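Undergrad: Dropping in input.pdb, which is PDB, C-alpha atoms:
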```pdb
ATOM      1  CA  MET A1209     -94.809  72.066 172.349
ATOM      2  CA  LYS A1210     -96.021  75.556 171.656
ATOM      3  CA  GLU A1211     -98.758  76.745 173.911
ATOM      4  CA  LYS A1212    -101.990  77.338 171.995
ATOM      5  CA  LEU A1213    -103.214  80.924 171.941
ATOM      6  CA  PRO A1214    -106.664  81.584 173.320
ATOM      7  CA  LEU A1215    -109.493  81.502 170.776
ATOM      8  CA  ARG A1216    -110.185  85.208 171.218
ATOM      9  CA  ARG A1217    -106.544  86.077 170.493
ATOM     10  CA  ARG A1218    -106.426  83.824 167.432
ATOM     11  CA  VAL A1219    -109.588  85.383 166.016
ATOM     12  CA  TYR A1220    -108.177  88.843 166.685
ATOM     13  CA  ASP A1221    -104.878  88.019 164.949
ATOM     14  CA  SER A1222    -106.663  86.449 161.984
ATOM     15  CA  GLY A1223    -108.884  89.507 161.646
ATOM     16  CA  LEU A1224    -105.910  91.876 161.679
ATOM     17  CA  ARG A1225    -104.075  89.727 159.128
ATOM     18  CA  ALA A1226    -107.130  89.672 156.858
ATOM     19  CA  ALA A1227    -107.534  93.453 157.174
ATOM     20  CA  LEU A1228    -103.855  93.934 156.322
ATOM     21  CA  TRP A1229    -104.096  91.791 153.216
ATOM     22  CA  LEU A1230    -107.327  93.539 152.212
ATOM     23  CA  CYS A1231    -105.723  96.985 152.478
ATOM     24  CA  ALA A1232    -102.632  95.852 150.577
ATOM     25  CA  GLY A1233    -104.723  94.229 147.860
ATOM     26  CA  GLY A1234    -106.961  97.276 147.554
ATOM     27  CA  THR A1235    -103.948  99.579 147.219
ATOM     28  CA  CYS A1236    -102.350  97.410 144.545
ATOM     29  CA  ALA A1237    -105.660  97.071 142.690
ATOM     30  CA  LEU A1238    -106.191 100.845 142.708
ATOM     31  CA  LEU A1239    -102.659 101.441 141.415
ATOM     32  CA  ALA A1240    -103.088  98.838 138.686
ATOM     33  CA  PHE A1241    -106.429 100.390 137.677
ATOM     34  CA  LEU A1242    -104.966 103.900 137.441
ATOM     35  CA  ILE A1243    -101.947 102.782 135.424
ATOM     36  CA  GLY A1244    -104.066 100.580 133.173
ATOM     37  CA  TYR A1245    -106.646 103.319 132.583
ATOM     38  CA  ILE A1246    -103.961 105.884 131.681
ATOM     39  CA  PHE A1247    -102.316 103.493 129.222
ATOM     40  CA  TYR A1248    -105.704 102.462 127.810
ATOM     41  CA  ARG A1249    -106.640 106.071 127.115
ATOM     42  CA  GLY A1250    -103.200 107.299 126.107
ATOM     43  CA  LEU A1251    -101.280 104.676 124.114
ATOM     44  CA  GLY A1252    -103.609 104.929 121.147
ATOM     45  CA  HIS A1253    -102.876 108.650 120.802
ATOM     46  CA  ILE A1254     -99.082 108.305 120.821
ATOM     47  CA  THR A1255     -97.942 108.743 117.220
ATOM     48  CA  TRP A1256     -94.695 109.632 115.497
ATOM     49  CA  GLU A1257     -96.192 112.979 114.518
ATOM     50  CA  LEU A1258     -97.026 113.727 118.153
ATOM     51  CA  LEU A1259     -93.481 112.967 119.305
ATOM     52  CA  THR A1260     -91.541 114.726 116.532
ATOM     53  CA  THR A1261     -93.493 117.907 115.732
ATOM     54  CA  GLN A1262     -94.738 121.018 117.489
ATOM     55  CA  THR A1263     -98.309 122.196 117.858
ATOM     56  CA  SER A1264     -99.581 124.057 114.793
ATOM     57  CA  TYR A1265    -102.767 126.118 114.735
ATOM     58  CA  ILE A1266    -102.601 126.375 110.950
ATOM     59  CA  LYS A1267    -102.406 122.612 110.367
ATOM     60  CA  ASN A1268    -104.576 121.870 113.421
ATOM     61  CA  THR A1269    -102.028 119.352 114.745
ATOM     62  CA  ILE A1270    -100.591 118.666 118.176
ATOM     63  CA  GLY A1271     -96.925 117.919 118.772
ATOM     64  CA  ILE A1272     -94.989 117.642 122.009
ATOM     65  CA  LEU A1273     -91.396 117.753 120.729
ATOM     66  CA  PRO A1274     -90.859 121.223 122.308
ATOM     67  CA  ASN A1275     -92.143 119.905 125.631
ATOM     68  CA  ILE A1276     -89.830 116.879 125.523
ATOM     69  CA  LEU A1277     -86.847 119.123 124.796
ATOM     70  CA  ASN A1278     -87.884 121.618 127.481
ATOM     71  CA  THR A1279     -88.035 118.775 130.009
ATOM     72  CA  LEU A1280     -84.508 117.720 129.031
ATOM     73  CA  TYR A1281     -83.326 121.350 129.248
ATOM     74  CA  ILE A1282     -84.816 121.697 132.730
ATOM     75  CA  ILE A1283     -83.212 118.450 133.913
ATOM     76  CA  PHE A1284     -79.799 119.398 132.531
ATOM     77  CA  ALA A1285     -79.790 122.942 133.935
ATOM     78  CA  ALA A1286     -81.179 121.969 137.356
ATOM     79  CA  MET A1287     -78.807 119.031 137.880
ATOM     80  CA  LEU A1288     -75.850 121.091 136.641
ATOM     81  CA  LEU A1289     -76.540 123.581 139.434
ATOM     82  CA  VAL A1290     -77.728 121.315 142.226
ATOM     83  CA  LEU A1291     -75.108 118.547 142.097
ATOM     84  CA  PRO A1292     -72.092 120.654 143.156
ATOM     85  CA  LEU A1293     -74.159 122.430 145.807
ATOM     86  CA  GLY A1294     -75.815 119.307 147.225
ATOM     87  CA  ILE A1295     -72.806 117.000 147.234
ATOM     88  CA  GLY A1296     -70.507 119.755 148.481
ATOM     89  CA  ALA A1297     -72.879 120.630 151.321
ATOM     90  CA  ALA A1298     -73.229 116.967 152.304
ATOM     91  CA  VAL A1299     -69.450 116.454 152.313
ATOM     92  CA  TYR A1300     -68.953 119.536 154.483
ATOM     93  CA  LEU A1301     -71.677 118.568 156.953
ATOM     94  CA  THR A1302     -70.441 114.979 157.241
ATOM     95  CA  GLU A1303     -66.671 115.339 157.067
ATOM     96  CA  TYR A1304     -65.750 118.895 158.100
ATOM     97  CA  ALA A1305     -68.434 120.502 160.277
ATOM     98  CA  ALA A1306     -67.443 120.451 163.948
ATOM     99  CA  ASN A1307     -70.447 122.184 165.508
ATOM    100  CA  ARG A1308     -73.036 119.412 165.816
ATOM    101  CA  LYS A1309     -75.808 121.822 166.789
ATOM    102  CA  ILE A1310     -75.513 123.642 163.473
ATOM    103  CA  VAL A1311     -75.410 120.320 161.600
ATOM    104  CA  VAL A1312     -78.566 119.122 163.351
ATOM    105  CA  LEU A1313     -80.258 122.456 162.604
ATOM    106  CA  ILE A1314     -79.364 122.254 158.903
ATOM    107  CA  GLU A1315     -80.533 118.640 158.695
ATOM    108  CA  PHE A1316     -83.837 119.606 160.334
ATOM    109  CA  ALA A1317     -84.250 122.482 157.852
ATOM    110  CA  SER A1318     -83.531 120.140 154.932
ATOM    111  CA  GLU A1319     -86.097 117.607 156.093
ATOM    112  CA  THR A1320     -88.625 120.408 156.594
ATOM    113  CA  LEU A1321     -88.080 121.696 153.065
ATOM    114  CA  THR A1322     -88.865 118.274 151.605
ATOM    115  CA  GLY A1323     -92.363 118.468 153.093
ATOM    116  CA  ILE A1324     -93.299 121.879 151.681
ATOM    117  CA  PRO A1325     -95.856 121.724 148.814
ATOM    118  CA  SER A1326     -94.317 122.385 145.429
ATOM    119  CA  ILE A1327     -96.757 125.175 144.639
ATOM    120  CA  ILE A1328     -95.126 127.193 147.435
ATOM    121  CA  PHE A1329     -91.752 126.790 145.723
ATOM    122  CA  GLY A1330     -93.371 127.965 142.500
ATOM    123  CA  LEU A1331     -94.762 131.111 144.111
ATOM    124  CA  VAL A1332     -91.445 131.877 145.827
ATOM    125  CA  GLY A1333     -89.587 131.267 142.566
ATOM    126  CA  MET A1334     -91.912 133.614 140.713
ATOM    127  CA  LEU A1335     -91.556 136.354 143.344
ATOM    128  CA  PHE A1336     -87.775 136.077 143.693
ATOM    129  CA  PHE A1337     -86.354 134.906 140.367
ATOM    130  CA  VAL A1338     -88.920 136.455 138.010
ATOM    131  CA  GLN A1339     -90.020 139.638 139.779
ATOM    132  CA  LYS A1340     -87.037 140.538 141.982
ATOM    133  CA  MET A1341     -84.190 139.302 139.773
ATOM    134  CA  GLY A1342     -85.939 140.190 136.523
ATOM    135  CA  LEU A1343     -85.590 136.800 134.861
ATOM    136  CA  ALA A1344     -88.116 135.996 132.171
ATOM    137  CA  PRO A1345     -90.262 132.904 132.724
ATOM    138  CA  GLY A1346     -88.312 130.082 131.138
ATOM    139  CA  VAL A1347     -85.904 127.228 131.669
ATOM    140  CA  LEU A1348     -83.476 129.261 133.789
ATOM    141  CA  ALA A1349     -86.075 130.509 136.278
ATOM    142  CA  GLY A1350     -87.699 127.072 136.403
ATOM    143  CA  SER A1351     -84.358 125.350 136.944
ATOM    144  CA  LEU A1352     -83.386 127.685 139.784
ATOM    145  CA  THR A1353     -86.728 126.987 141.454
ATOM    146  CA  LEU A1354     -86.255 123.233 141.080
ATOM    147  CA  VAL A1355     -82.742 123.517 142.513
ATOM    148  CA  ILE A1356     -84.270 124.762 145.761
ATOM    149  CA  MET A1357     -86.774 121.897 145.681
ATOM    150  CA  VAL A1358     -84.397 118.992 145.081
ATOM    151  CA  LEU A1359     -81.385 120.340 147.006
ATOM    152  CA  PRO A1360     -82.571 118.846 150.345
ATOM    153  CA  THR A1361     -83.029 115.451 148.661
ATOM    154  CA  ILE A1362     -79.502 115.482 147.235
ATOM    155  CA  VAL A1363     -78.001 116.655 150.537
ATOM    156  CA  ARG A1364     -79.756 114.102 152.729
ATOM    157  CA  THR A1365     -79.214 111.094 150.426
ATOM    158  CA  THR A1366     -75.544 112.001 149.999
ATOM    159  CA  GLN A1367     -75.145 112.433 153.751
ATOM    160  CA  GLU A1368     -76.631 109.035 154.467
ATOM    161  CA  SER A1369     -74.403 107.459 151.815
ATOM    162  CA  LEU A1370     -71.289 109.070 153.283
ATOM    163  CA  LYS A1371     -72.218 107.831 156.751
ATOM    164  CA  THR A1372     -72.356 104.236 155.498
ATOM    165  CA  VAL A1373     -68.636 104.328 154.597
ATOM    166  CA  PRO A1374     -66.786 102.600 157.491
ATOM    167  CA  GLN A1375     -64.690 104.873 159.666
ATOM    168  CA  SER A1376     -61.785 102.438 159.314
ATOM    169  CA  TYR A1377     -61.493 103.420 155.624
ATOM    170  CA  ARG A1378     -60.927 107.019 156.622
ATOM    171  CA  GLU A1379     -58.480 106.124 159.382
ATOM    172  CA  GLY A1380     -56.535 103.805 157.078
ATOM    173  CA  ALA A1381     -56.212 106.477 154.375
ATOM    174  CA  LEU A1382     -55.160 109.143 156.863
ATOM    175  CA  GLY A1383     -52.721 106.704 158.421
ATOM    176  CA  LEU A1384     -50.962 106.396 155.067
ATOM    177  CA  GLY A1385     -50.256 110.124 155.171
ATOM    178  CA  VAL A1386     -52.756 111.477 152.627
ATOM    179  CA  GLY A1387     -54.575 114.737 153.187
ATOM    180  CA  LYS A1388     -58.196 114.883 154.266
ATOM    181  CA  TRP A1389     -59.531 116.148 150.933
ATOM    182  CA  HIS A1390     -57.516 113.502 149.069
ATOM    183  CA  MET A1391     -58.975 110.870 151.400
ATOM    184  CA  ILE A1392     -62.530 112.108 150.771
ATOM    185  CA  ARG A1393     -62.024 112.289 147.005
ATOM    186  CA  THR A1394     -60.364 108.902 146.540
ATOM    187  CA  VAL A1395     -61.807 106.773 149.361
ATOM    188  CA  VAL A1396     -65.051 108.148 150.796
ATOM    189  CA  LEU A1397     -66.844 109.422 147.685
ATOM    190  CA  PRO A1398     -66.183 106.314 145.515
ATOM    191  CA  ASN A1399     -67.529 104.043 148.269
ATOM    192  CA  ALA A1400     -70.622 106.227 148.691
ATOM    193  CA  MET A1401     -71.270 106.591 144.969
ATOM    194  CA  ASP A1402     -74.174 104.110 144.847
ATOM    195  CA  GLY A1403     -76.298 106.185 147.223
ATOM    196  CA  ILE A1404     -75.307 109.444 145.537
ATOM    197  CA  VAL A1405     -76.290 108.174 142.085
ATOM    198  CA  THR A1406     -79.578 106.788 143.409
ATOM    199  CA  GLY A1407     -80.381 110.133 145.047
ATOM    200  CA  CYS A1408     -79.614 111.961 141.797
ATOM    201  CA  ILE A1409     -81.900 109.678 139.793
ATOM    202  CA  LEU A1410     -84.710 110.187 142.309
ATOM    203  CA  ALA A1411     -84.167 113.949 142.057
ATOM    204  CA  VAL A1412     -84.443 113.711 138.268
ATOM    205  CA  GLY A1413     -87.686 111.775 138.729
ATOM    206  CA  ARG A1414     -89.093 114.578 140.836
ATOM    207  CA  ILE A1415     -88.039 117.155 138.251
ATOM    208  CA  VAL A1416     -89.713 115.193 135.448
ATOM    209  CA  GLY A1417     -92.986 114.899 137.368
ATOM    210  CA  GLU A1418     -93.098 118.471 138.648
ATOM    211  CA  SER A1419     -95.700 120.882 137.320
ATOM    212  CA  ALA A1420     -96.919 123.186 140.101
ATOM    213  CA  ALA A1421     -93.512 124.791 140.648
ATOM    214  CA  LEU A1422     -93.068 125.364 136.898
ATOM    215  CA  LEU A1423     -96.436 126.924 136.111
ATOM    216  CA  PHE A1424     -95.267 130.338 137.362
ATOM    217  CA  THR A1425     -91.546 130.078 136.549
ATOM    218  CA  ALA A1426     -91.045 128.114 133.305
ATOM    219  CA  GLY A1427     -94.212 129.276 131.572
ATOM    220  CA  PHE A1428     -96.744 127.745 129.181
ATOM    221  CA  GLY A1429     -94.909 128.193 125.861
ATOM    222  CA  LEU A1430     -95.369 125.380 123.334
ATOM    223  CA  VAL A1431     -92.931 126.762 120.752
ATOM    224  CA  LEU A1432     -89.744 124.921 119.798
ATOM    225  CA  HIS A1433     -86.608 126.684 121.125
ATOM    226  CA  ASP A1434     -82.941 125.840 121.286
ATOM    227  CA  PHE A1435     -81.372 125.564 124.751
ATOM    228  CA  PHE A1436     -80.043 129.105 125.046
ATOM    229  CA  THR A1437     -83.247 130.697 123.734
ATOM    230  CA  ALA A1438     -85.347 128.562 126.081
ATOM    231  CA  LEU A1439     -83.412 129.871 129.106
ATOM    232  CA  GLN A1440     -85.240 133.207 128.838
ATOM    233  CA  SER A1441     -88.355 132.154 126.916
ATOM    234  CA  SER A1442     -91.623 130.638 128.089
ATOM    235  CA  SER A1443     -91.083 126.881 127.839
ATOM    236  CA  ALA A1444     -93.630 124.296 128.982
ATOM    237  CA  THR A1445     -92.369 120.908 130.135
ATOM    238  CA  LEU A1446     -94.319 117.685 129.609
ATOM    239  CA  THR A1447     -96.231 118.027 132.875
ATOM    240  CA  VAL A1448     -97.152 121.651 132.181
ATOM    241  CA  ALA A1449     -98.205 120.705 128.656
ATOM    242  CA  LEU A1450    -100.422 117.967 130.126
ATOM    243  CA  TYR A1451    -102.113 120.611 132.286
ATOM    244  CA  VAL A1452    -102.562 122.952 129.304
ATOM    245  CA  TYR A1453    -104.043 120.318 126.993
ATOM    246  CA  ALA A1454    -106.311 118.825 129.664
ATOM    247  CA  ASN A1455    -107.665 121.948 131.379
ATOM    248  CA  GLU A1456    -107.385 124.796 128.883
ATOM    249  CA  ARG A1457    -107.782 123.167 125.491
ATOM    250  CA  GLY A1458    -109.865 120.106 126.268
ATOM    251  CA  GLU A1459    -107.508 117.814 124.315
ATOM    252  CA  THR A1460    -107.913 114.793 126.551
ATOM    253  CA  GLY A1461    -106.320 112.435 124.035
ATOM    254  CA  ALA A1462    -103.089 114.406 123.969
ATOM    255  CA  ALA A1463    -103.209 114.757 127.755
ATOM    256  CA  PHE A1464    -103.514 110.998 128.270
ATOM    257  CA  ALA A1465    -100.733 110.411 125.729
ATOM    258  CA  ILE A1466     -98.421 112.717 127.692
ATOM    259  CA  ALA A1467     -99.468 111.005 130.923
ATOM    260  CA  SER A1468     -98.552 107.627 129.421
ATOM    261  CA  ILE A1469     -95.136 108.942 128.383
ATOM    262  CA  LEU A1470     -94.563 110.303 131.881
ATOM    263  CA  MET A1471     -95.542 106.954 133.398
ATOM    264  CA  VAL A1472     -92.981 105.184 131.203
ATOM    265  CA  LEU A1473     -90.300 107.747 132.100
ATOM    266  CA  THR A1474     -91.044 107.351 135.803
ATOM    267  CA  PHE A1475     -90.823 103.572 135.528
ATOM    268  CA  LEU A1476     -87.505 103.789 133.675
ATOM    269  CA  LEU A1477     -86.062 106.210 136.222
ATOM    270  CA  ASN A1478     -87.019 103.980 139.149
ATOM    271  CA  LEU A1479     -85.673 100.941 137.321
ATOM    272  CA  SER A1480     -82.390 102.710 136.581
ATOM    273  CA  ALA A1481     -82.114 103.842 140.219
ATOM    274  CA  ASN A1482     -82.446 100.257 141.448
ATOM    275  CA  TYR A1483     -80.051  98.963 138.794
ATOM    276  CA  ALA A1484     -77.461 101.666 139.488
ATOM    277  CA  GLY A1485     -77.597 101.007 143.225
ATOM    278  CA  LYS A1486     -77.091  97.262 142.782
ATOM    279  CA  LYS A1487     -74.415  97.684 140.105
ATOM    280  CA  LEU A1488     -72.321 100.114 142.147
ATOM    281  CA  LYS A1489     -72.529  97.964 145.272
ATOM    282  CA  LYS A1490     -70.849  95.043 143.494
TER     283      LYS A1490
END
```
For this file, produce the structure as structure tokens.
TA:
Amino acid sequence: MKEKLPLRRRVYDSGLRAALWLCAGGTCALLAFLIGYIFYRGLGHITWELLTTQTSYIKNTIGILPNILNTLYIIFAAMLLVLPLGIGAAVYLTEYAANRKIVVLIEFASETLTGIPSIIFGLVGMLFFVQKMGLAPGVLAGSLTLVIMVLPTIVRTTQESLKTVPQSYREGALGLGVGKWHMIRTVVLPNAMDGIVTGCILAVGRIVGESAALLFTAGFGLVLHDFFTALQSSSATLTVALYVYANERGETGAAFAIASILMVLTFLLNLSANYAGKKLKK
């Protein structure tokens, strides 16, 4: 028979358990309230006109089509630049680098970069890409700034995925006489693809929700541009547009509508990350 705990210990354990459940319930209730309030205030303002037109001062209408396209432009340009850099750096650090001290130093620097506030990246991006390099505020300057932000995430998630591949896979491939790069390309990377894809989706989620780093680099422009024009033209993403409509124009309805769209996008990205991870593991 199990020995009964003293009354004082049982009361203490019950109190801690109750406090834990109270904190968890309070957190979930607060999250549900915030999500519900945003949808309550925003869903009624989402119209076809809002999604498919641009803001017009003459017609006194609000449209966020340029902001949706600018968000897609930013995602495409940033991921196009960061994927080769991040995956290549992770492969080198995991498979090729021999000096462990340098690897540890780079990993520490990557983890430190993930904790820096995004507004700092925005200021650095403005000083370097806009002022020093002479780029105009737009998609290109914003994408380069976001590359610096999400690069540590891509590197670390890819590294951890590569480390989960059993060493016997590598030894078996090398034992068959293939070269190291051929082994990495055909054996290691395919088996680590689930973690790489999940890391990429999480990086896209951070890009979609980023505003502070883009205020000084991508600009506040609400005009509809094609991709190549937007590279060197002021182009506000959805999050920047939310800031503009809420704080500068007092259009709270449009701001809550954009917030609702961003909540749906975030949910879909997290859902796709979980689905991709489970699908690739099978």
Undergrad: Let me know the residues the PyMOL selection byres ((chain A and resi 1285) around 10) catches in the file above, as a list of chain:residue names.
TA: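 Output from the PyMOL selection byres ((chain A and resi 1285) around 10), applied to this file: A:Leu1280, A:Tyr1281, A:Ile1282, A:Ile1283, A:Phe1284, A:Ala1286, A:Met1287, A:Leu1288, A:Leu1289, A:Val1290, A:Val1347, A:Leu1348, A:Gly1350, A:Ser1351, A:Leu1352, A:Leu1354, A:Val1355, A:Phe1435, A:Leu1439.
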Undergrad: Which polymer residues have any atom within 12 Å of an atom of Gln1339 in chain A, counting only C-alpha atoms, with same-chain residues fewer than 6 positions away left out, as a PDB file with C-alpha atoms, in the coordinates of the input?
TA:
```
ATOM      1  CA  LEU A1331     -94.762 131.111 144.111  1.00  0.00           C
ATOM      2  CA  VAL A1332     -91.445 131.877 145.827  1.00  0.00           C
ATOM      3  CA  GLY A1333     -89.587 131.267 142.566  1.00  0.00           C
ATOM      4  CA  PRO A1345     -90.262 132.904 132.724  1.00  0.00           C
ATOM      5  CA  ALA A1349     -86.075 130.509 136.278  1.00  0.00           C
ATOM      6  CA  PHE A1424     -95.267 130.338 137.362  1.00  0.00           C
ATOM      7  CA  THR A1425     -91.546 130.078 136.549  1.00  0.00           C
TER       8      THR A1425
END
```
Undergrad: Would you mind telling me which residue in A:Ile1272, A:Val1386, A:Lys1371, A:Tyr1245 lies nearest to Glu1257 in chain A when using only C-alpha atoms?
TA: A:Ile1272
Undergrad: Please compute the CA of Gly1429 in chain A-CA of Tyr1453 in chain A distance, one decimal, in Å.
TA: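 So the two atoms, CA of Gly1429 in chain A and CA of Tyr1453 in chain A, lie 12.1 Å apart.
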Undergrad: Can you tell me how far CA of Ile1246 in chain A sits from CA of Glu1459 in chain A, in Å to one decimal?
TA: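 So the answer is 14.5 Å.
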Undergrad: Between CA of Ala1298 in chain A and CA of Ile1362 in chain A, what is the spacing in Å?
TA: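 Distance reported for this atom pair: 8.2 Å.
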Undergrad: Which residues of range 1297-1333 of chain A come within 12 Å of range 1416-1423 of chain A, and what is each one's closest atom pair and distance in Å (one decimal), counting only C-alpha atoms, sorted by chain and residue number, as JSON lines?
TA:
```
{"residue": "A:Ile1324", "atom": "CA", "partner": "A:Ala1421", "partner_atom": "CA", "distance": 11.4}
{"residue": "A:Pro1325", "atom": "CA", "partner": "A:Ala1420", "partner_atom": "CA", "distance": 8.9}
{"residue": "A:Ser1326", "atom": "CA", "partner": "A:Ala1421", "partner_atom": "CA", "distance": 5.4}
{"residue": "A:Ile1327", "atom": "CA", "partner": "A:Ala1420", "partner_atom": "CA", "distance": 5.0}
{"residue": "A:Ile1328", "atom": "CA", "partner": "A:Ala1421", "partner_atom": "CA", "distance": 7.4}
{"residue": "A:Phe1329", "atom": "CA", "partner": "A:Ala1421", "partner_atom": "CA", "distance": 5.7}
{"residue": "A:Gly1330", "atom": "CA", "partner": "A:Ala1421", "partner_atom": "CA", "distance": 3.7}
{"residue": "A:Leu1331", "atom": "CA", "partner": "A:Ala1421", "partner_atom": "CA", "distance": 7.3}
{"residue": "A:Val1332", "atom": "CA", "partner": "A:Ala1421", "partner_atom": "CA", "distance": 9.0}
{"residue": "A:Gly1333", "atom": "CA", "partner": "A:Ala1421", "partner_atom": "CA", "distance": 7.8}
```
Undergrad: Here is a test: counting all atoms listed in the file, which residue of A:Asn1278, A:Ser1480, A:Thr1302, A:Ser1441 is nearest to Arg1364 in chain A?
TA: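 Ranking A:Asn1278, A:Ser1480, A:Thr1302, A:Ser1441 by distance to Arg1364 in chain A, first place goes to A:Thr1302.
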Undergrad: The PyMOL selection byres ((chain A and resi 1401-1414) around 10) on the file shown: which residues, as a PyMOL selection string?
TA: chain A and resi 1282-1284+1286-1287+1290-1291+1294-1295+1354-1355+1357-1370+1372+1396-1400+1415-1419+1470+1473-1490
Undergrad: Please identify all polymer residues within 9 Å of range 1251-1253 of chain A, counting only C-alpha atoms, omitting same-chain residues fewer than 6 positions from it, and present them as a list in words.
TA: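 What passes the distance filter is Gly1461, Ala1462, Phe1464, Ala1465, Ser1468 and Ile1469 of chain A.
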